[in-house]
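The file work00.txt comes next; it holds compact mmCIF, C-alpha atoms and all ligand atoms.
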```
# COMPACT_ATOMS: atom_id res chain seq x y z
CA MET A 1 -144.00 -60.04 43.76
CA LYS A 2 -140.89 -61.57 45.30
CA ASN A 3 -141.31 -63.39 48.59
CA ILE A 4 -138.72 -62.65 51.26
CA LEU A 5 -138.59 -64.69 54.44
CA VAL A 6 -137.84 -62.50 57.46
CA THR A 7 -136.81 -64.57 60.48
CA GLY A 8 -137.37 -62.56 63.66
CA GLY A 9 -139.68 -60.33 61.61
CA ALA A 10 -141.80 -59.44 64.64
CA GLY A 11 -138.78 -57.98 66.43
CA TYR A 12 -137.51 -54.43 66.62
CA ILE A 13 -135.39 -54.23 63.47
CA GLY A 14 -137.27 -56.92 61.54
CA SER A 15 -140.62 -55.15 61.82
CA HIS A 16 -139.18 -51.93 60.37
CA VAL A 17 -137.56 -53.89 57.55
CA ILE A 18 -140.95 -55.41 56.72
CA VAL A 19 -142.35 -51.92 56.18
CA ARG A 20 -139.49 -51.00 53.81
CA LEU A 21 -139.78 -54.33 51.95
CA HIS A 22 -143.48 -53.67 51.44
CA GLU A 23 -142.79 -50.12 50.20
CA GLU A 24 -140.28 -51.52 47.69
CA GLY A 25 -142.72 -54.08 46.28
CA TYR A 26 -141.52 -57.21 48.09
CA ASN A 27 -143.83 -59.60 49.91
CA ALA A 28 -142.46 -60.24 53.40
CA ILE A 29 -143.21 -63.51 55.19
CA ILE A 30 -142.53 -63.62 58.90
CA LEU A 31 -141.06 -66.47 60.93
CA ASP A 32 -140.97 -65.71 64.65
CA ASP A 33 -141.48 -67.57 67.91
CA PHE A 34 -142.46 -64.32 69.69
CA SER A 35 -139.95 -65.09 72.44
CA ASN A 36 -138.83 -61.46 72.42
CA SER A 37 -141.69 -59.72 70.66
CA ASN A 38 -145.39 -59.15 70.94
CA LYS A 39 -148.12 -60.01 68.46
CA SER A 40 -149.33 -56.41 68.71
CA VAL A 41 -146.57 -55.58 66.22
CA LEU A 42 -148.69 -57.25 63.53
CA LYS A 43 -151.44 -54.68 64.18
CA GLY A 44 -148.89 -51.88 63.89
CA LEU A 45 -147.65 -53.31 60.60
CA HIS A 46 -151.23 -53.50 59.35
CA LYS A 47 -151.87 -49.87 60.28
CA ILE A 48 -148.79 -48.70 58.40
CA THR A 49 -149.06 -50.91 55.31
CA GLY A 50 -152.75 -51.92 55.19
CA LYS A 51 -151.56 -55.49 54.81
CA ASP A 52 -151.75 -58.67 56.89
CA PHE A 53 -148.45 -60.46 56.48
CA ARG A 54 -148.21 -64.23 56.46
CA VAL A 55 -146.78 -65.37 59.79
CA TYR A 56 -145.22 -68.73 60.65
CA GLU A 57 -145.05 -68.98 64.41
CA GLY A 58 -142.21 -71.27 65.41
CA ASP A 59 -138.57 -71.78 66.20
CA ILE A 60 -135.60 -71.44 63.86
CA LEU A 61 -134.21 -74.58 65.49
CA ASP A 62 -137.03 -76.55 63.85
CA ILE A 63 -135.79 -77.52 60.38
CA SER A 64 -139.19 -78.96 59.42
CA LEU A 65 -140.62 -75.45 59.73
CA PHE A 66 -138.13 -74.09 57.18
CA GLU A 67 -138.94 -77.03 54.90
CA LYS A 68 -142.64 -76.22 55.20
CA ILE A 69 -142.09 -72.51 54.48
CA PHE A 70 -139.83 -73.20 51.48
CA HIS A 71 -142.34 -75.69 50.06
CA GLU A 72 -145.39 -73.50 50.60
CA ASN A 73 -143.82 -70.32 49.19
CA GLN A 74 -141.37 -69.52 46.45
CA ILE A 75 -138.79 -67.68 48.53
CA GLU A 76 -136.28 -65.42 46.74
CA GLY A 77 -134.25 -64.44 49.77
CA VAL A 78 -133.97 -64.57 53.54
CA ILE A 79 -133.20 -61.81 56.01
CA HIS A 80 -132.11 -63.48 59.21
CA PHE A 81 -132.77 -61.49 62.38
CA ALA A 82 -133.96 -64.21 64.74
CA ALA A 83 -131.43 -64.35 67.56
CA LYS A 84 -131.07 -63.65 71.22
CA LYS A 85 -129.32 -60.34 71.81
CA ALA A 86 -128.84 -59.56 75.51
CA VAL A 87 -125.11 -59.40 76.22
CA GLY A 88 -125.41 -59.94 80.00
CA GLU A 89 -127.78 -62.88 79.62
CA SER A 90 -125.33 -64.48 77.18
CA VAL A 91 -122.59 -64.34 79.83
CA ASP A 92 -124.89 -66.05 82.36
CA ASN A 93 -126.32 -68.60 79.93
CA PRO A 94 -123.87 -69.06 77.04
CA LEU A 95 -125.30 -72.35 75.79
CA LEU A 96 -128.70 -70.75 75.29
CA TYR A 97 -127.00 -68.24 72.99
CA TYR A 98 -124.88 -70.78 71.11
CA LYS A 99 -127.93 -72.99 70.65
CA ASN A 100 -130.28 -70.28 69.48
CA ASN A 101 -127.92 -68.11 67.44
CA VAL A 102 -125.41 -70.65 66.12
CA THR A 103 -127.49 -73.84 65.84
CA GLY A 104 -130.40 -71.75 64.56
CA LEU A 105 -128.21 -70.38 61.78
CA ILE A 106 -126.94 -73.87 60.93
CA THR A 107 -130.55 -75.01 60.58
CA LEU A 108 -131.33 -72.10 58.29
CA LEU A 109 -128.20 -72.63 56.16
CA GLU A 110 -128.90 -76.34 55.81
CA SER A 111 -132.44 -75.71 54.71
CA MET A 112 -131.54 -72.80 52.39
CA THR A 113 -128.81 -74.74 50.58
CA GLU A 114 -130.99 -77.86 50.36
CA ASN A 115 -133.84 -75.83 48.85
CA LYS A 116 -131.55 -73.67 46.68
CA ILE A 117 -132.61 -70.37 48.24
CA LYS A 118 -129.89 -68.06 46.99
CA ASN A 119 -129.83 -64.77 48.89
CA LEU A 120 -129.18 -64.24 52.59
CA VAL A 121 -128.77 -61.04 54.58
CA PHE A 122 -127.35 -61.71 58.03
CA SER A 123 -127.61 -59.45 61.10
CA SER A 124 -124.13 -58.95 62.43
CA SER A 125 -122.84 -56.27 64.75
CA CYS A 126 -120.05 -53.75 65.21
CA THR A 127 -119.31 -55.71 68.37
CA VAL A 128 -117.04 -57.89 66.16
CA TYR A 129 -114.48 -55.04 66.13
CA GLY A 130 -114.20 -54.67 69.92
CA GLN A 131 -112.34 -51.38 70.60
CA PRO A 132 -110.73 -50.60 67.22
CA ASP A 133 -107.23 -49.09 67.08
CA SER A 134 -108.31 -46.26 64.80
CA LEU A 135 -111.56 -44.52 63.98
CA PRO A 136 -113.76 -44.46 62.00
CA VAL A 137 -113.74 -48.23 61.88
CA THR A 138 -113.54 -49.74 58.39
CA GLU A 139 -114.32 -53.28 57.30
CA ASP A 140 -110.54 -53.86 57.10
CA SER A 141 -110.19 -53.42 60.87
CA PRO A 142 -109.28 -56.66 62.60
CA ILE A 143 -111.91 -58.78 64.30
CA ARG A 144 -111.16 -58.80 68.03
CA PRO A 145 -111.77 -61.71 70.42
CA ALA A 146 -115.41 -61.40 71.41
CA ASN A 147 -116.02 -60.11 74.92
CA SER A 148 -119.29 -62.00 75.34
CA PRO A 149 -120.86 -65.23 74.09
CA TYR A 150 -123.40 -63.05 72.25
CA GLY A 151 -120.61 -61.26 70.36
CA ASN A 152 -118.99 -64.61 69.65
CA THR A 153 -122.20 -65.90 68.04
CA LYS A 154 -121.99 -63.04 65.52
CA GLN A 155 -118.35 -63.82 64.70
CA ILE A 156 -119.09 -67.54 64.38
CA GLY A 157 -122.18 -66.75 62.30
CA GLU A 158 -120.19 -64.72 59.78
CA GLU A 159 -117.54 -67.47 59.57
CA MET A 160 -120.13 -70.21 59.09
CA ILE A 161 -121.77 -68.34 56.24
CA GLU A 162 -118.43 -67.58 54.60
CA ASP A 163 -117.33 -71.23 54.83
CA THR A 164 -120.66 -72.38 53.39
CA VAL A 165 -120.24 -70.01 50.46
CA LYS A 166 -116.61 -71.14 49.97
CA SER A 167 -117.74 -74.77 49.92
CA GLY A 168 -119.46 -74.07 46.61
CA ALA A 169 -123.02 -73.89 47.91
CA PHE A 170 -125.16 -71.63 45.73
CA LEU A 171 -125.42 -68.92 48.30
CA ARG A 172 -124.88 -65.19 48.09
CA SER A 173 -124.76 -63.50 51.45
CA ILE A 174 -123.87 -60.21 53.09
CA ALA A 175 -123.36 -59.77 56.82
CA LEU A 176 -124.45 -56.29 57.82
CA ARG A 177 -122.51 -55.05 60.83
CA TYR A 178 -124.93 -52.70 62.53
CA PHE A 179 -123.79 -49.92 64.76
CA ASN A 180 -126.41 -48.68 67.27
CA PRO A 181 -129.98 -48.83 65.92
CA ILE A 182 -132.37 -46.42 67.65
CA GLY A 183 -135.68 -44.69 67.00
CA ALA A 184 -138.96 -45.97 65.63
CA HIS A 185 -141.20 -45.75 62.59
CA PRO A 186 -142.22 -42.07 62.28
CA SER A 187 -145.91 -43.08 62.56
CA GLY A 188 -145.32 -44.36 66.11
CA GLU A 189 -147.15 -47.61 65.20
CA ILE A 190 -144.07 -49.82 65.64
CA GLY A 191 -140.87 -49.40 67.65
CA GLU A 192 -138.61 -51.08 70.17
CA LEU A 193 -140.43 -53.15 72.83
CA PRO A 194 -137.84 -54.20 75.39
CA LEU A 195 -139.04 -56.83 77.86
CA GLY A 196 -138.17 -55.87 81.44
CA ILE A 197 -135.46 -53.33 82.27
CA PRO A 198 -133.87 -52.08 79.04
CA ASN A 199 -130.13 -52.66 78.56
CA ASN A 200 -129.82 -50.11 75.81
CA LEU A 201 -129.53 -46.38 76.16
CA VAL A 202 -132.44 -45.00 74.17
CA PRO A 203 -135.27 -47.17 75.58
CA PHE A 204 -133.88 -46.39 79.03
CA ILE A 205 -133.99 -42.66 78.25
CA THR A 206 -137.57 -42.75 76.92
CA GLN A 207 -138.83 -44.95 79.77
CA THR A 208 -137.24 -42.58 82.29
CA ALA A 209 -138.85 -39.57 80.63
CA ALA A 210 -142.19 -41.42 80.62
CA GLY A 211 -141.91 -42.00 84.37
CA LEU A 212 -141.42 -45.79 84.14
CA ARG A 213 -137.87 -45.48 85.56
CA ASP A 214 -136.70 -43.03 88.23
CA SER A 215 -133.47 -41.96 86.59
CA LEU A 216 -130.84 -42.86 84.05
CA THR A 217 -127.26 -43.56 85.03
CA VAL A 218 -124.68 -42.43 82.50
CA PHE A 219 -122.10 -45.21 82.53
CA GLY A 220 -118.70 -43.52 82.90
CA GLN A 221 -117.59 -39.89 82.92
CA ASP A 222 -113.82 -40.27 82.62
CA TYR A 223 -113.42 -41.69 79.11
CA ASN A 224 -110.99 -40.04 76.74
CA THR A 225 -113.74 -38.23 74.79
CA GLN A 226 -114.85 -34.60 74.56
CA ASP A 227 -117.23 -34.81 77.54
CA GLY A 228 -115.91 -37.97 79.21
CA THR A 229 -118.79 -40.24 78.11
CA CYS A 230 -118.66 -43.08 75.55
CA ILE A 231 -119.06 -42.47 71.84
CA ARG A 232 -121.36 -44.54 69.60
CA ASP A 233 -122.73 -44.33 66.09
CA TYR A 234 -126.52 -44.13 66.52
CA ILE A 235 -128.46 -44.98 63.36
CA HIS A 236 -132.19 -44.48 62.83
CA VAL A 237 -133.87 -47.88 62.51
CA MET A 238 -135.57 -46.78 59.25
CA ASP A 239 -132.17 -46.04 57.69
CA LEU A 240 -130.99 -49.44 58.87
CA ALA A 241 -134.15 -50.99 57.42
CA ASP A 242 -133.51 -49.35 54.08
CA ALA A 243 -129.96 -50.76 54.04
CA HIS A 244 -131.44 -54.27 54.19
CA VAL A 245 -133.68 -53.71 51.19
CA GLN A 246 -130.83 -52.19 49.17
CA CYS A 247 -128.66 -55.11 50.24
CA LEU A 248 -131.21 -57.61 48.90
CA LYS A 249 -131.33 -55.77 45.57
CA TYR A 250 -127.53 -55.79 45.47
CA LEU A 251 -127.43 -59.55 46.10
CA GLU A 252 -130.04 -60.17 43.43
CA ASN A 253 -127.80 -58.41 40.88
CA ILE A 254 -124.62 -60.31 41.64
CA ASN A 255 -123.89 -62.73 38.81
CA ASN A 256 -121.53 -64.94 40.77
CA PRO A 257 -123.60 -67.72 42.40
CA ASN A 258 -121.21 -67.84 45.40
CA HIS A 259 -120.59 -64.59 47.18
CA PHE A 260 -119.88 -63.49 50.74
CA ASP A 261 -119.11 -60.03 52.05
CA PHE A 262 -119.64 -57.86 55.12
CA MET A 263 -120.43 -54.17 55.48
CA ASN A 264 -120.72 -51.54 58.16
CA ILE A 265 -124.14 -49.95 58.55
CA GLY A 266 -123.95 -46.76 60.57
CA THR A 267 -124.05 -43.01 60.02
CA GLY A 268 -120.32 -42.36 60.10
CA THR A 269 -120.75 -39.94 63.01
CA GLY A 270 -120.02 -40.55 66.67
CA SER A 271 -122.12 -39.07 69.46
CA THR A 272 -121.45 -39.13 73.18
CA VAL A 273 -124.02 -40.30 75.72
CA LEU A 274 -124.47 -36.65 76.76
CA ASP A 275 -125.03 -35.66 73.10
CA ALA A 276 -127.77 -38.31 72.93
CA ILE A 277 -129.40 -37.03 76.11
CA SER A 278 -129.25 -33.46 74.93
CA SER A 279 -130.82 -34.41 71.58
CA PHE A 280 -133.58 -36.26 73.42
CA GLU A 281 -134.26 -33.27 75.69
CA ASN A 282 -134.48 -30.93 72.70
CA GLN A 283 -136.82 -33.18 70.78
CA SER A 284 -139.09 -34.11 73.67
CA GLY A 285 -139.04 -30.77 75.46
CA LYS A 286 -138.50 -32.76 78.65
CA LYS A 287 -135.65 -32.49 81.14
CA LEU A 288 -134.24 -35.96 81.72
CA ASN A 289 -133.48 -37.10 85.26
CA TYR A 290 -129.98 -38.57 85.03
CA GLN A 291 -126.75 -38.79 86.96
CA LEU A 292 -123.17 -39.56 86.02
CA GLY A 293 -122.10 -42.96 87.33
CA PRO A 294 -119.31 -45.52 87.10
CA ARG A 295 -118.28 -47.26 83.90
CA ARG A 296 -120.22 -50.35 82.77
CA PRO A 297 -117.85 -53.32 82.57
CA GLY A 298 -117.14 -54.37 78.98
CA ASP A 299 -118.10 -51.06 77.34
CA VAL A 300 -115.83 -49.86 74.55
CA GLU A 301 -114.78 -46.23 74.87
CA LYS A 302 -115.59 -45.06 71.36
CA ILE A 303 -116.65 -46.55 68.08
CA TYR A 304 -118.19 -45.18 64.93
CA ALA A 305 -118.32 -46.45 61.40
CA GLN A 306 -116.79 -45.63 58.12
CA VAL A 307 -119.63 -46.41 55.73
CA ASP A 308 -117.99 -45.76 52.35
CA LYS A 309 -118.31 -49.43 51.37
CA SER A 310 -122.06 -49.77 52.01
CA VAL A 311 -122.78 -46.33 50.56
CA GLU A 312 -120.94 -47.23 47.36
CA LEU A 313 -122.00 -50.85 46.90
CA LEU A 314 -125.59 -50.60 48.12
CA ASN A 315 -126.25 -47.15 46.69
CA TRP A 316 -127.63 -46.31 50.10
CA ARG A 317 -127.26 -43.39 52.47
CA THR A 318 -128.82 -42.30 55.72
CA GLN A 319 -131.74 -39.88 55.62
CA PHE A 320 -132.42 -39.39 59.32
CA THR A 321 -130.46 -37.52 62.02
CA LEU A 322 -129.94 -38.27 65.71
CA ASP A 323 -132.62 -35.66 66.44
CA ASP A 324 -135.08 -37.43 64.10
CA ALA A 325 -134.39 -40.72 65.85
CA MET A 326 -134.95 -39.21 69.29
CA ARG A 327 -138.17 -37.54 68.13
CA ASP A 328 -139.46 -40.85 66.77
CA ALA A 329 -138.34 -42.85 69.81
CA TRP A 330 -140.22 -40.42 72.06
CA ASN A 331 -143.29 -40.43 69.82
CA TRP A 332 -143.35 -44.24 70.10
CA GLN A 333 -142.86 -44.20 73.87
CA LYS A 334 -145.66 -41.66 74.29
CA LYS A 335 -148.06 -43.90 72.35
CA LEU A 336 -147.02 -46.94 74.39
CA SER A 337 -147.46 -45.11 77.68
CA SER A 338 -150.57 -43.21 76.52
CA ILE A 339 -148.96 -39.84 77.32
P1 LIG A 401 -135.41 -58.46 68.70
O1 LIG A 401 -135.21 -59.33 69.88
O2 LIG A 401 -136.32 -57.30 68.81
O3 LIG A 401 -135.89 -59.35 67.45
C1 LIG A 401 -135.51 -60.68 67.29
C2 LIG A 401 -136.76 -61.49 66.99
O4 LIG A 401 -136.37 -62.86 66.80
C3 LIG A 401 -137.78 -61.46 68.11
O5 LIG A 401 -139.06 -61.16 67.58
C4 LIG A 401 -137.75 -62.88 68.70
O6 LIG A 401 -139.00 -63.27 69.18
C5 LIG A 401 -137.28 -63.68 67.50
N1 LIG A 401 -136.57 -64.91 67.85
C6 LIG A 401 -135.53 -65.05 68.71
N2 LIG A 401 -135.14 -66.35 68.76
C7 LIG A 401 -135.94 -67.02 67.90
C8 LIG A 401 -136.05 -68.39 67.52
N3 LIG A 401 -135.26 -69.33 68.05
N4 LIG A 401 -136.97 -68.74 66.61
C9 LIG A 401 -137.81 -67.81 66.07
N5 LIG A 401 -137.76 -66.50 66.40
C10 LIG A 401 -136.85 -66.11 67.31
O7 LIG A 401 -133.94 -57.98 68.23
P2 LIG A 401 -133.53 -56.85 67.20
O8 LIG A 401 -133.01 -55.69 67.96
O9 LIG A 401 -134.58 -56.64 66.21
O10 LIG A 401 -132.27 -57.55 66.54
C11 LIG A 401 -132.40 -58.29 65.35
C12 LIG A 401 -131.04 -58.87 64.97
O11 LIG A 401 -130.08 -57.84 64.85
C13 LIG A 401 -130.48 -59.87 66.01
O12 LIG A 401 -129.82 -60.89 65.30
C14 LIG A 401 -129.49 -59.02 66.77
O13 LIG A 401 -128.47 -59.80 67.33
C15 LIG A 401 -128.95 -58.12 65.67
N6 LIG A 401 -128.40 -56.86 66.16
C16 LIG A 401 -129.19 -56.04 66.92
C17 LIG A 401 -128.65 -54.85 67.40
C18 LIG A 401 -129.47 -53.94 68.27
O14 LIG A 401 -128.87 -53.07 68.91
N7 LIG A 401 -130.79 -54.05 68.32
C19 LIG A 401 -127.33 -54.50 67.08
C20 LIG A 401 -126.58 -55.35 66.29
C21 LIG A 401 -127.12 -56.55 65.83
C1 LIG A 402 -124.92 -52.64 72.43
C2 LIG A 402 -124.66 -54.10 72.67
C3 LIG A 402 -123.65 -54.60 71.66
C4 LIG A 402 -124.07 -54.26 70.24
C5 LIG A 402 -124.16 -52.76 70.15
C6 LIG A 402 -124.48 -52.30 68.75
C7 LIG A 402 -125.03 -54.32 75.06
C8 LIG A 402 -124.37 -54.42 76.39
N1 LIG A 402 -124.18 -54.26 74.01
O1 LIG A 402 -123.80 -51.98 72.98
O2 LIG A 402 -123.50 -55.98 71.77
O3 LIG A 402 -123.10 -54.72 69.34
O4 LIG A 402 -125.18 -52.33 71.08
O5 LIG A 402 -125.83 -52.28 68.52
O6 LIG A 402 -126.23 -54.33 74.93
N2 LIG A 402 -125.49 -46.23 78.49
C9 LIG A 402 -125.62 -45.48 79.62
N3 LIG A 402 -126.65 -45.78 80.47
C10 LIG A 402 -127.55 -46.76 80.22
C11 LIG A 402 -127.41 -47.53 79.04
C12 LIG A 402 -126.36 -47.25 78.20
O7 LIG A 402 -124.83 -44.58 79.87
O8 LIG A 402 -128.45 -46.98 81.04
C13 LIG A 402 -124.39 -45.93 77.56
C14 LIG A 402 -123.42 -47.08 77.36
O9 LIG A 402 -122.38 -47.03 78.29
C15 LIG A 402 -122.93 -46.81 75.93
C16 LIG A 402 -124.13 -46.13 75.25
O10 LIG A 402 -124.96 -45.67 76.31
O11 LIG A 402 -121.88 -45.89 75.96
C17 LIG A 402 -124.90 -47.08 74.38
O12 LIG A 402 -125.20 -48.24 75.14
P1 LIG A 402 -126.09 -49.43 74.57
O13 LIG A 402 -127.36 -48.88 74.01
O14 LIG A 402 -126.18 -50.47 75.62
O15 LIG A 402 -125.24 -49.94 73.31
P2 LIG A 402 -123.73 -50.46 73.25
O16 LIG A 402 -123.02 -50.33 74.53
O17 LIG A 402 -123.08 -49.77 72.11
```

The structure given in the file should be rewritten as structure tokens.
Amino acid sequence: MKNILVTGGAGYIGSHVIVRLHEEGYNAIILDDFSNSNKSVLKGLHKITGKDFRVYEGDILDISLFEKIFHENQIEGVIHFAAKKAVGESVDNPLLYYKNNVTGLITLLESMTENKIKNLVFSSSCTVYGQPDSLPVTEDSPIRPANSPYGNTKQIGEEMIEDTVKSGAFLRSIALRYFNPIGAHPSGEIGELPLGIPNNLVPFITQTAAGLRDSLTVFGQDYNTQDGTCIRDYIHVMDLADAHVQCLKYLENINNPNHFDFMNIGTGTGSTVLDAISSFENQSGKKLNYQLGPRRPGDVEKIYAQVDKSVELLNWRTQFTLDDAMRDAWNWQKKLSSI
């Protein structure tokens, strides 16, 4: 069984990837400092898979921890999720983000190349495109100046990996540019666990419906879209998880010892904020308390992916709809709130 190190494996996306890795016969090993996750996720993973995963609790800034992991386990590949991800916080505390996301990645790359660990999947984001000139956005679209330190860490991360590969290091890596991951494992045993007030739309919707928040504000009603609200490409987290596993298999089959590429991971379909709310209401049977409000500074008007490249190269496609994702997000919220 191949061992795959999953940094940030206790987090939202990482935990769902661990389930898919397990289903595909990989042995996932978790490295996490639990700075933005809860150990209860390990119980959820056990309930779904029947397995207790090996966990290294610690910081990606600690190179001795990587050395220990690489010496104690024969690692075939790394999926690197561990990062801070709150856009607003990154504006207030940029050095925290550069330290964690950029220095953390340097530490990982140093240790991987030193220990000849060949395959790396990196969590990037559609934020690298800013507001693209034409839609759907392809991988050929230009990278726009980042509008937050968080976004910049993703651009720098991709560049650092590419330069490392170009330097001749034996490293094969793909940066996956995620669009908007939502939803939860259909069992409701794992899902998104935002600390404090959620920044993202779907946890805010489910917490409002569960009575934890009074109402949702829809940010902007005068965008140039069919109903005036922003358009995003919402992808079920299990489809995103599957893309990671297919990406690992793809890397394993590349003969060239040096390889870098990037791919969009989305559904290819854009939905407005009001579409998302309507889907949630249909799936939950609950009327959501919301009002239309002003735009949120920094939001792009519309973005959705062209996914031809990942579909072709990874032999991957989405299985879940927006409705499925809303059903699963609500199922998860109901379990959390004991509704
Ligand atoms: P998350 O916060 O739920 O998971 C990240 C995990 O990494 C957490 O468990 C956290 O405790 C851990 N972590 C953070 N810093 C660490 C450190 N220094 N050492 C060890 N562990 C550390 O986030 P997520 O939503 O699962 O996102 C995973 C990755 O995907 C991140 O790199 C994020 O930037 C990227 N991404 C997320 C989204 C999204 O909308 N969720 C979109 C695009 C890209
Ligand atoms: C987020 C991240 C971005 C990341 C992207 C892809 C932020 C600020 N940005 O952006 O870095 O690359 O996901 O995963 O976190 N909305 C409301 N009311 C709310 C919350 C959101 O109307 O209370 C709207 C937003 O205006 C947006 C949509 O819902 O149109 C989605 O918002 P969000 O979940 O925050 O994701 P992104 O803005 O796409």

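The contact shell of ligand LIG 402 (chain A), defined as all polymer residues within 7 Å when only C-alpha atoms and all ligand atoms are used, comprises A:Ala86, A:Val87, A:Gly88, A:Ser125, A:Cys126, A:Thr127, A:Gly151, A:Tyr178, A:Phe179, A:Asn180, A:Pro181, A:Asn199, A:Asn200, A:Leu201, A:Val202, A:Phe204, A:Leu216, A:Thr217, A:Val218, A:Phe219, A:Gly220, A:Thr229, A:Cys230, A:Ile231, A:Arg232, A:Val273, A:Arg295, A:Arg296, A:Asp299.
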
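Proximity ranking of A:Arg172, A:His236, A:Lys2, A:Lys51 relative to ligand LIG 401 (chain A) places A:His236 first, based on only C-alpha atoms and all ligand atoms.
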
Atom CA of Leu135 of chain A to atom CA of Lys84 of chain A, straight-line distance in Å: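 These two atoms are separated by 28.3 Å.
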
Cut-off 6 Å: closest chain A/ligand LIG 401 (chain A) atom pairs per residue, using only C-alpha atoms and all ligand atoms, as CSV:
```
residue,atom,partner,partner_atom,distance
A:Gly8,CA,A:LIG401,O4,3.3
A:Ala10,CA,A:LIG401,O5,4.4
A:Gly11,CA,A:LIG401,O3,3.4
A:Tyr12,CA,A:LIG401,O9,3.7
A:Ile13,CA,A:LIG401,O9,3.7
A:Gly14,CA,A:LIG401,O9,5.4
A:Asp32,CA,A:LIG401,N5,3.7
A:Asp33,CA,A:LIG401,C9,4.1
A:Phe34,CA,A:LIG401,O6,3.7
A:Ser35,CA,A:LIG401,O6,3.9
A:Asn36,CA,A:LIG401,O6,3.7
A:Ser37,CA,A:LIG401,O5,4.3
A:Gly58,CA,A:LIG401,C9,5.6
A:Asp59,CA,A:LIG401,N4,3.5
A:Ile60,CA,A:LIG401,N4,4.1
A:Leu61,CA,A:LIG401,N3,5.9
A:Phe81,CA,A:LIG401,C12,4.1
A:Ala82,CA,A:LIG401,O4,3.4
A:Ala83,CA,A:LIG401,C6,4.3
A:Lys84,CA,A:LIG401,C6,5.3
A:Lys85,CA,A:LIG401,O13,4.6
A:Asn100,CA,A:LIG401,N3,5.3
A:Ser123,CA,A:LIG401,O11,4.8
A:Ser124,CA,A:LIG401,C21,5.1
A:Ser125,CA,A:LIG401,C20,4.1
A:Tyr178,CA,A:LIG401,C20,4.9
A:Asn180,CA,A:LIG401,O14,5.3
A:Pro181,CA,A:LIG401,O14,5.3
```

Env of segment 41-43 of chain A: 8 Å cut, atoms = all atoms listed in the file, seq-sep filter 2 positions within chain, self excluded. Answer as a list in words. Ala10, Ser15, Ser37, Asn38, Lys39, Leu45, His46, Lys47, Asp52, Phe53 and Ile190 of chain A

Find the residues around segment 318-322 of chain A up to 12 Å (only C-alpha atoms counted), leave out those fewer than 6 positions away in its own chain, and share them as a CSV table (one decimal) with C-alpha atoms, keeping the file's coordinate frame.
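After the write, around10.csv holds the following:
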```csv
chain,number,residue,atom,x,y,z
A,180,ASN,CA,-126.4,-48.7,67.3
A,181,PRO,CA,-130.0,-48.8,65.9
A,182,ILE,CA,-132.4,-46.4,67.6
A,183,GLY,CA,-135.7,-44.7,67.0
A,184,ALA,CA,-139.0,-46.0,65.6
A,185,HIS,CA,-141.2,-45.8,62.6
A,186,PRO,CA,-142.2,-42.1,62.3
A,202,VAL,CA,-132.4,-45.0,74.2
A,232,ARG,CA,-121.4,-44.5,69.6
A,233,ASP,CA,-122.7,-44.3,66.1
A,234,TYR,CA,-126.5,-44.1,66.5
A,235,ILE,CA,-128.5,-45.0,63.4
A,236,HIS,CA,-132.2,-44.5,62.8
A,237,VAL,CA,-133.9,-47.9,62.5
A,238,MET,CA,-135.6,-46.8,59.2
A,239,ASP,CA,-132.2,-46.0,57.7
A,240,LEU,CA,-131.0,-49.4,58.9
A,241,ALA,CA,-134.2,-51.0,57.4
A,242,ASP,CA,-133.5,-49.4,54.1
A,243,ALA,CA,-130.0,-50.8,54.0
A,265,ILE,CA,-124.1,-50.0,58.6
A,266,GLY,CA,-124.0,-46.8,60.6
A,267,THR,CA,-124.0,-43.0,60.0
A,268,GLY,CA,-120.3,-42.4,60.1
A,269,THR,CA,-120.8,-39.9,63.0
A,270,GLY,CA,-120.0,-40.6,66.7
A,271,SER,CA,-122.1,-39.1,69.5
A,272,THR,CA,-121.4,-39.1,73.2
A,273,VAL,CA,-124.0,-40.3,75.7
A,275,ASP,CA,-125.0,-35.7,73.1
A,276,ALA,CA,-127.8,-38.3,72.9
A,277,ILE,CA,-129.4,-37.0,76.1
A,278,SER,CA,-129.2,-33.5,74.9
A,279,SER,CA,-130.8,-34.4,71.6
A,280,PHE,CA,-133.6,-36.3,73.4
A,281,GLU,CA,-134.3,-33.3,75.7
A,282,ASN,CA,-134.5,-30.9,72.7
A,283,GLN,CA,-136.8,-33.2,70.8
A,307,VAL,CA,-119.6,-46.4,55.7
A,308,ASP,CA,-118.0,-45.8,52.4
A,310,SER,CA,-122.1,-49.8,52.0
A,311,VAL,CA,-122.8,-46.3,50.6
A,328,ASP,CA,-139.5,-40.8,66.8
A,329,ALA,CA,-138.3,-42.8,69.8
```

Is it possible to get the residues within 10 Å of (-137.4, -35.0, 85.8) (coordinates as in the file, counting all atoms listed in the file) written as a list in words? Thr208, Ala209, Ala210, Gly211, Asp214, Ser215, Lys286, Lys287, Leu288, Asn289 and Tyr290 of chain A
